[in-house]
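One structure is given below, encoded as structure tokens.
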Amino acid sequence: MKNIIKINKLHKKYTSGTHALKGIDLEVKKGEFLILLGLSGSGKSTLLRCLNRLIEPTSGEIYFNEMDVVNANSNGLRKIRRQIGMVFQQFNLIKNISVLTNVFTGKLGYVSLAHSLTFKSHKNDLQLAEANLERVGLWEFKEKKVKNLSGGQQQRVAIARALMQNPQLILADEPVASLDPATADSVMRYLGELNKKDDITVICSLHFLSLARKYGTRVIALKDGKIVFDGTPTEIDEIKFKEIYGEDAEEVEIR
Amino acid sequence: MRFSDKFKAFLIDFVIWLYLLGSGLYFADSFGYKIPIIFILPLALIFATILNFGEDSPGMALFGEKKRKWLKSLNGWIIMLVLIMTMAVGWSVVEVDLFKFFTKGANAKGIVSGLFHPNFKIIKICLTALVETIYLALLATVLAIPLAFVLSFLAARNLMPKTFLGNSIYYIVRTIATIFRSIEAIVWAIIFSVWVGIGPFAGMLALMIHSVASLTKLYSEQIENIDSGQIEAIKATGATTLQVWVFAVIPQIISPYLAFTIYRWDINVRMATIVGFVGGGGIGLLLLQQQQLLRWHNVGIIIWLIALVVWIMDMVSGKVREKLQEM
């Protein structure tokens with residue numbers, strides 16, 4: 001299978017002095033559902049954000065579909081970013097505007113400013129946005145303001161926004177960490193479905209091993225900015241778990 | 001303790017002693033003792049040096065390592081002395097005279113009776129002037145909005161790129177806005193009443209300049225407080241910088257911007273009266289004329305009308321801002 005992501009010797013040092021990533025080498029194959037494990041501060045968020053350069057890497061190479069991410073100019077970066085959907089822990093939707101407009105914003109990387117101000121009058125966009133909302137079961141909420149939706153609903157809108165990009169890859173930064181366990185599972189189910197049915201590669205950071213086992217096809221674990229584990233979800237036993245999360249950690253089962 | 005901290009501590013103590021001794025000099029002077037001002041320099045130097053070595057002085061409390069209980073230390077007493085001295089000097093400089101306050105009330109008889117017997121015959125002239133003032137304030141606010149809107153983006157730390165050009169623009173816009181804001185509208189009115197002549201146009205220009213500067217500050221602070229996660233999410237879709245502004249920044253700032261602007265109009269109506277005094281036209285100018293002619297009954301009606309307008313503006317803008325907050 002082809003690599004969708006290839007990372008060589010990636011380092012990130014913040015101006016504050018924190019060395020968040022210390023030489024990451026990683027290849028992600030097309031179609032994988034890759035779970036990132038690791039404590040808060042282990043570098044998961046930094047790694048995800050380096051992939052679409054929301055954070056500028058300090059050194060190293062990143063390739064997305066053989067395109068050079070690190071050295072891409074602003075136009076090249078736009079073309080890379082629009083193929084990579086992103087889902088966040090805090091949902092990061094525009095709260096004061098409608099659900100539908102939020103879904104439209106997924107198209108921004110493909111259209112001009114003038115076009116983006118008149119999304120509603122473009123029939124293709126409108127149909128696509130409504131179809132994506134339908135898919136996450138929120139079609140009837142399309143005119144509502146985002147801030148009136150529950151957390152789980154907001155995360156589903158965020159998934160619809162990502163789908164609007166027609167992405168090959170979805171980066172999910174702790175997408176269920178602000179949700180209750182039942183809602184968390186339903187959001188993960190949507191991500192799992194996109195991975196299987198639409199063949200979208202997913203890289204998702206998580207804290208729950210149970211969800212990792214249920215949805216992940218591969219797990220890597222970060223500790224102090226380095227990869228300390230790379231394997232299948234079933235390979236993580238209690239010993240491995242304690243290696244990743246430290247001696248005092250107990251696995252919390254969420255069912 | 002670092003040398004630079006030591007120096008700062010010493011400097012603060014030196015200035016405090018200079019102030020204390022200078023205040024002493026002021027009182028000595030008012031009792032007829034002429035002491036050359038040059039004497040306090042070495043004295044302040046000596047006091048500051050001694051106390052600095054004792055590590056118990058206001059300067060050391062600010063920059064030193066030792067922390068002492070306020071009342072148990074010399075430092076506390078020095079600060080107390082500074083406060084007492086300040087009140088004493090202030091009382092004398094402001095020429096506070098309680099005797100006058102309680103015995104000369106009869107002087108204000110004219111204006112007080114004017115307030116109770118306002119002259120309704122001139123209400124037509126007053127209303128014309130008042131309309132002038134309200135429109136002046138409105139125009140100043142409306143014209144300030146687009147300028148402040150654009151400038152606020154340039155004065156927002158989180159939006160300007162951390163490059164030399166970005167930093168330069170940020171600091172230049174910030175500095176100019178701060179300078180223009182610290183010059184009071186009344187000073188601008190004096191400048192413009194010479195520039196374009198006495199009248200409402202001068203007043204409008206004065207209020208507009210001041211509004212641009214203060215709205216730029218308020219607006220840009222609003223931008224700096226927005227949720228960066230939303231910007232991140234829109235950036236991640238491949239949006240251009242302009243699209244990020246339109247979709248992630250503007251929706252977050254639009255209702256606080258409106259609230260600030262309405263508040264600004266409210267302030268401008270009040271200030272329009274004041275700038276009228278120095279040549280800005282409107283009701284302020286009328287008030288000044290009538291006051292100089294000592295026509296207290298006319299002054300009475302003008303004051304009531306101003307109070308009424310300010311009260312209505314205050315209420316309306318309060319209600320609108322309340323609604324905006326819910327949006």
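Chain lettering (A, B, ...) mirrors the order of the structure tokens, residue numbering begins at 1 for each chain separately, and ligand numbering begins at 1 in order of display.
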Do you know which residues are at most 7 Å from region 183-191 of chain A counting only C-alpha atoms, after dropping those on the same chain fewer than 6 positions away, and could you put them as a PDB file with C-alpha atoms, in the first residue's frame?
ATOM      1  CA  GLY A 152     -21.606  15.609  20.536  1.00  0.00           C
ATOM      2  CA  ARG A 156     -20.508  15.833  14.291  1.00  0.00           C
ATOM      3  CA  VAL A 176     -13.791  12.781  22.201  1.00  0.00           C
TER       4      VAL A 176
END
Skip Asn268 (chain B) itself and residues of its chain fewer than 4 positions away, then list as a CSV table (one decimal) with all heavy atoms, in the first residue's frame all residues within 7 Å of it, counting only C-alpha atoms.
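The new file selection_37.csv reads:
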chain,number,residue,atom,x,y,z
B,137,ALA,N,-22.3,64.1,16.9
B,137,ALA,CA,-21.7,62.9,17.6
B,137,ALA,C,-22.0,61.6,16.8
B,137,ALA,O,-21.1,60.8,16.7
B,137,ALA,CB,-22.5,62.7,19.0
B,207,LEU,N,-14.1,64.8,17.7
B,207,LEU,CA,-14.6,63.6,18.2
B,207,LEU,C,-14.3,62.4,17.4
B,207,LEU,O,-14.0,61.3,17.9
B,207,LEU,CB,-16.1,63.7,18.4
B,207,LEU,CG,-16.6,64.6,19.5
B,207,LEU,CD1,-18.1,64.6,19.6
B,207,LEU,CD2,-16.0,64.3,20.8
B,264,ARG,N,-19.6,54.1,22.3
B,264,ARG,CA,-18.8,55.3,21.9
B,264,ARG,C,-19.7,56.4,21.5
B,264,ARG,O,-19.4,57.6,21.7
B,264,ARG,CB,-17.9,54.8,20.7
B,264,ARG,CG,-16.9,55.8,20.3
B,264,ARG,CD,-15.8,55.9,21.3
B,264,ARG,NE,-15.5,57.3,21.5
B,264,ARG,CZ,-14.6,57.7,22.4
B,264,ARG,NH1,-14.1,56.9,23.3
B,264,ARG,NH2,-14.4,59.0,22.6
B,272,ALA,N,-19.6,65.8,23.0
B,272,ALA,CA,-20.0,66.9,22.0
B,272,ALA,C,-20.4,68.2,22.7
B,272,ALA,O,-20.1,69.3,22.2
B,272,ALA,CB,-21.1,66.4,21.1
Could you pull the residues within 9 Å of Ala177 (chain A), counting only C-alpha atoms, minus those fewer than 4 positions along the same chain, as JSON, numbers by chain?
{"A": [89, 90, 173, 184, 206, 207]}
For the residues in the current selection, export all heavy atoms as a PDB file, in the first residue's frame.
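File produced: again.pdb:
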ATOM      1  N   GLN A  89     -10.449  18.796  19.831  1.00  0.00           N
ATOM      2  CA  GLN A  89     -11.075  18.494  21.118  1.00  0.00           C
ATOM      3  C   GLN A  89     -12.168  19.501  21.459  1.00  0.00           C
ATOM      4  O   GLN A  89     -13.235  19.149  21.930  1.00  0.00           O
ATOM      5  CB  GLN A  89     -10.015  18.502  22.228  1.00  0.00           C
ATOM      6  CG  GLN A  89     -10.605  18.183  23.585  1.00  0.00           C
ATOM      7  CD  GLN A  89      -9.573  18.280  24.701  1.00  0.00           C
ATOM      8  OE1 GLN A  89      -8.384  18.394  24.456  1.00  0.00           O
ATOM      9  NE2 GLN A  89     -10.048  18.224  25.926  1.00  0.00           N
ATOM     10  N   GLN A  90     -11.883  20.783  21.208  1.00  0.00           N
ATOM     11  CA  GLN A  90     -12.866  21.826  21.547  1.00  0.00           C
ATOM     12  C   GLN A  90     -13.775  22.145  20.353  1.00  0.00           C
ATOM     13  O   GLN A  90     -14.359  23.215  20.298  1.00  0.00           O
ATOM     14  CB  GLN A  90     -12.158  23.089  22.018  1.00  0.00           C
ATOM     15  CG  GLN A  90     -11.299  22.900  23.243  1.00  0.00           C
ATOM     16  CD  GLN A  90     -12.083  22.423  24.438  1.00  0.00           C
ATOM     17  OE1 GLN A  90     -13.299  22.615  24.514  1.00  0.00           O
ATOM     18  NE2 GLN A  90     -11.427  21.764  25.369  1.00  0.00           N
ATOM     19  N   ASP A 173      -7.634  15.558  16.829  1.00  0.00           N
ATOM     20  CA  ASP A 173      -6.861  15.836  18.035  1.00  0.00           C
ATOM     21  C   ASP A 173      -7.752  15.657  19.254  1.00  0.00           C
ATOM     22  O   ASP A 173      -8.500  16.543  19.617  1.00  0.00           O
ATOM     23  CB  ASP A 173      -6.311  17.261  17.956  1.00  0.00           C
ATOM     24  CG  ASP A 173      -5.398  17.577  19.119  1.00  0.00           C
ATOM     25  OD1 ASP A 173      -4.895  16.636  19.752  1.00  0.00           O
ATOM     26  OD2 ASP A 173      -5.191  18.778  19.396  1.00  0.00           O
ATOM     27  N   ALA A 184     -18.973   9.890  23.047  1.00  0.00           N
ATOM     28  CA  ALA A 184     -17.622   9.650  22.531  1.00  0.00           C
ATOM     29  C   ALA A 184     -17.646   8.481  21.559  1.00  0.00           C
ATOM     30  O   ALA A 184     -17.098   8.564  20.455  1.00  0.00           O
ATOM     31  CB  ALA A 184     -16.661   9.364  23.675  1.00  0.00           C
ATOM     32  N   LEU A 206      -5.924   9.867  21.259  1.00  0.00           N
ATOM     33  CA  LEU A 206      -6.949   9.385  22.189  1.00  0.00           C
ATOM     34  C   LEU A 206      -6.334   9.159  23.561  1.00  0.00           C
ATOM     35  O   LEU A 206      -5.115   9.084  23.694  1.00  0.00           O
ATOM     36  CB  LEU A 206      -7.476   8.030  21.727  1.00  0.00           C
ATOM     37  CG  LEU A 206      -8.615   7.934  20.717  1.00  0.00           C
ATOM     38  CD1 LEU A 206      -8.957   6.470  20.547  1.00  0.00           C
ATOM     39  CD2 LEU A 206      -9.836   8.713  21.163  1.00  0.00           C
ATOM     40  N   HIS A 207      -7.187   9.027  24.558  1.00  0.00           N
ATOM     41  CA  HIS A 207      -6.693   8.594  25.867  1.00  0.00           C
ATOM     42  C   HIS A 207      -7.273   7.252  26.278  1.00  0.00           C
ATOM     43  O   HIS A 207      -6.799   6.630  27.215  1.00  0.00           O
ATOM     44  CB  HIS A 207      -7.017   9.636  26.929  1.00  0.00           C
ATOM     45  CG  HIS A 207      -6.078  10.803  26.901  1.00  0.00           C
ATOM     46  ND1 HIS A 207      -4.721  10.644  26.958  1.00  0.00           N
ATOM     47  CD2 HIS A 207      -6.307  12.130  26.803  1.00  0.00           C
ATOM     48  CE1 HIS A 207      -4.148  11.827  26.902  1.00  0.00           C
ATOM     49  NE2 HIS A 207      -5.089  12.744  26.806  1.00  0.00           N
TER      50      HIS A 207
END
For chain B, list the residues within 12 Å of chain A, counting only C-alpha atoms, and write the list as a PyMOL selection string.
chain B and resi 226-255+324-327
From the DSSP assignment of the backbone, select every residue of region 15-93 of chain A that is helix (DSSP H, G or I), and format the answer as number ranges by chain.
A: 44-51, 74-81
Can you tell me which residues surround His210 (chain B) at a distance of at most 7 Å, considering only C-alpha atoms, apart from same-chain residues fewer than 4 positions away, and format the answer as an mmCIF file with C-alpha atoms, in the first residue's frame?
data_model
loop_
_atom_site.group_PDB
_atom_site.id
_atom_site.type_symbol
_atom_site.label_atom_id
_atom_site.label_comp_id
_atom_site.auth_asym_id
_atom_site.auth_seq_id
_atom_site.Cartn_x
_atom_site.Cartn_y
_atom_site.Cartn_z
ATOM 1 C CA PHE B 180 -4.033 60.291 19.636
ATOM 2 C CA ARG B 181 -6.133 58.847 22.437
ATOM 3 C CA ALA B 185 -11.080 65.534 22.431
ATOM 4 C CA ALA B 206 -12.275 66.349 17.071
ATOM 5 C CA SER B 214 -10.046 54.637 21.185
#
For each of B:Glu322, B:Met315, B:Gln222, B:Trp188, take the minimum atom-to-atom distance to Leu159 (chain B), counting only C-alpha atoms, then give the residue where this is smallest.
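Answer, going by the shortest atom-to-atom distance: B:Gln222.
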What is the CA of Leu218 (chain B)-CA of Ser182 (chain B) distance in Å, reported with one decimal?
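Spanning CA of Leu218 (chain B) to CA of Ser182 (chain B) is a straight-line distance of 14.2 Å.
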Using only C-alpha atoms, determine which residues lie at most 7 Å from Met160 (chain B), disregarding the query and same-chain residues fewer than 5 positions distant; provide the list as a count of residues only.
3
Tell me which protein, DNA and RNA residues are within 12 Å of Pro42 (chain B), counting only C-alpha atoms, leaving out same-chain ones fewer than 3 positions away, and put them as a list in words.
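So the residues in contact are Phe14, Trp17, Leu18, Leu21, Ile37, Ile38, Phe39, Leu45, Ile46, Phe47, Ala48 and Thr49 of chain B.
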Convert the current residue selection to file output with N, CA and C atoms, as a PDB file, in the first residue's frame.
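Output below, filename again-v4.pdb:
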ATOM      1  N   PHE B  14      15.591  56.610  45.761  1.00  0.00           N
ATOM      2  CA  PHE B  14      16.096  57.964  45.560  1.00  0.00           C
ATOM      3  C   PHE B  14      14.946  58.907  45.193  1.00  0.00           C
ATOM      4  N   TRP B  17      12.724  59.600  48.226  1.00  0.00           N
ATOM      5  CA  TRP B  17      13.302  60.565  49.176  1.00  0.00           C
ATOM      6  C   TRP B  17      13.341  61.957  48.595  1.00  0.00           C
ATOM      7  N   LEU B  18      13.594  62.042  47.304  1.00  0.00           N
ATOM      8  CA  LEU B  18      13.564  63.334  46.627  1.00  0.00           C
ATOM      9  C   LEU B  18      12.182  63.963  46.812  1.00  0.00           C
ATOM     10  N   LEU B  21      11.611  64.901  50.641  1.00  0.00           N
ATOM     11  CA  LEU B  21      12.378  66.103  51.007  1.00  0.00           C
ATOM     12  C   LEU B  21      11.851  67.315  50.250  1.00  0.00           C
ATOM     13  N   ILE B  37      17.050  74.541  46.557  1.00  0.00           N
ATOM     14  CA  ILE B  37      16.552  73.213  46.200  1.00  0.00           C
ATOM     15  C   ILE B  37      17.690  72.215  46.035  1.00  0.00           C
ATOM     16  N   ILE B  38      18.894  72.713  45.730  1.00  0.00           N
ATOM     17  CA  ILE B  38      20.029  71.848  45.453  1.00  0.00           C
ATOM     18  C   ILE B  38      20.408  71.014  46.679  1.00  0.00           C
ATOM     19  N   PHE B  39      20.018  71.488  47.886  1.00  0.00           N
ATOM     20  CA  PHE B  39      20.375  70.770  49.111  1.00  0.00           C
ATOM     21  C   PHE B  39      19.744  69.385  49.223  1.00  0.00           C
ATOM     22  N   LEU B  45      20.170  61.306  48.269  1.00  0.00           N
ATOM     23  CA  LEU B  45      21.161  60.297  47.889  1.00  0.00           C
ATOM     24  C   LEU B  45      21.610  59.511  49.120  1.00  0.00           C
ATOM     25  N   ILE B  46      21.889  60.244  50.212  1.00  0.00           N
ATOM     26  CA  ILE B  46      22.377  59.597  51.436  1.00  0.00           C
ATOM     27  C   ILE B  46      21.290  58.683  52.033  1.00  0.00           C
ATOM     28  N   PHE B  47      20.075  59.228  52.185  1.00  0.00           N
ATOM     29  CA  PHE B  47      18.983  58.425  52.756  1.00  0.00           C
ATOM     30  C   PHE B  47      18.752  57.154  51.956  1.00  0.00           C
ATOM     31  N   ALA B  48      18.689  57.341  50.652  1.00  0.00           N
ATOM     32  CA  ALA B  48      18.397  56.189  49.788  1.00  0.00           C
ATOM     33  C   ALA B  48      19.490  55.138  49.902  1.00  0.00           C
ATOM     34  N   THR B  49      20.767  55.590  49.963  1.00  0.00           N
ATOM     35  CA  THR B  49      21.882  54.645  50.045  1.00  0.00           C
ATOM     36  C   THR B  49      21.836  53.853  51.344  1.00  0.00           C
TER      37      THR B  49
END
Near Arg157 (chain B), counting only C-alpha atoms, which residues have an atom at most 10 Å away, once you skip same-chain residues fewer than 6 positions from it, shown as a list of chain:residue names?
B:Gly166, B:Asn167, B:Tyr170, B:Tyr171, B:Arg174, B:Ser220, B:Glu221, B:Ile223, B:Glu224
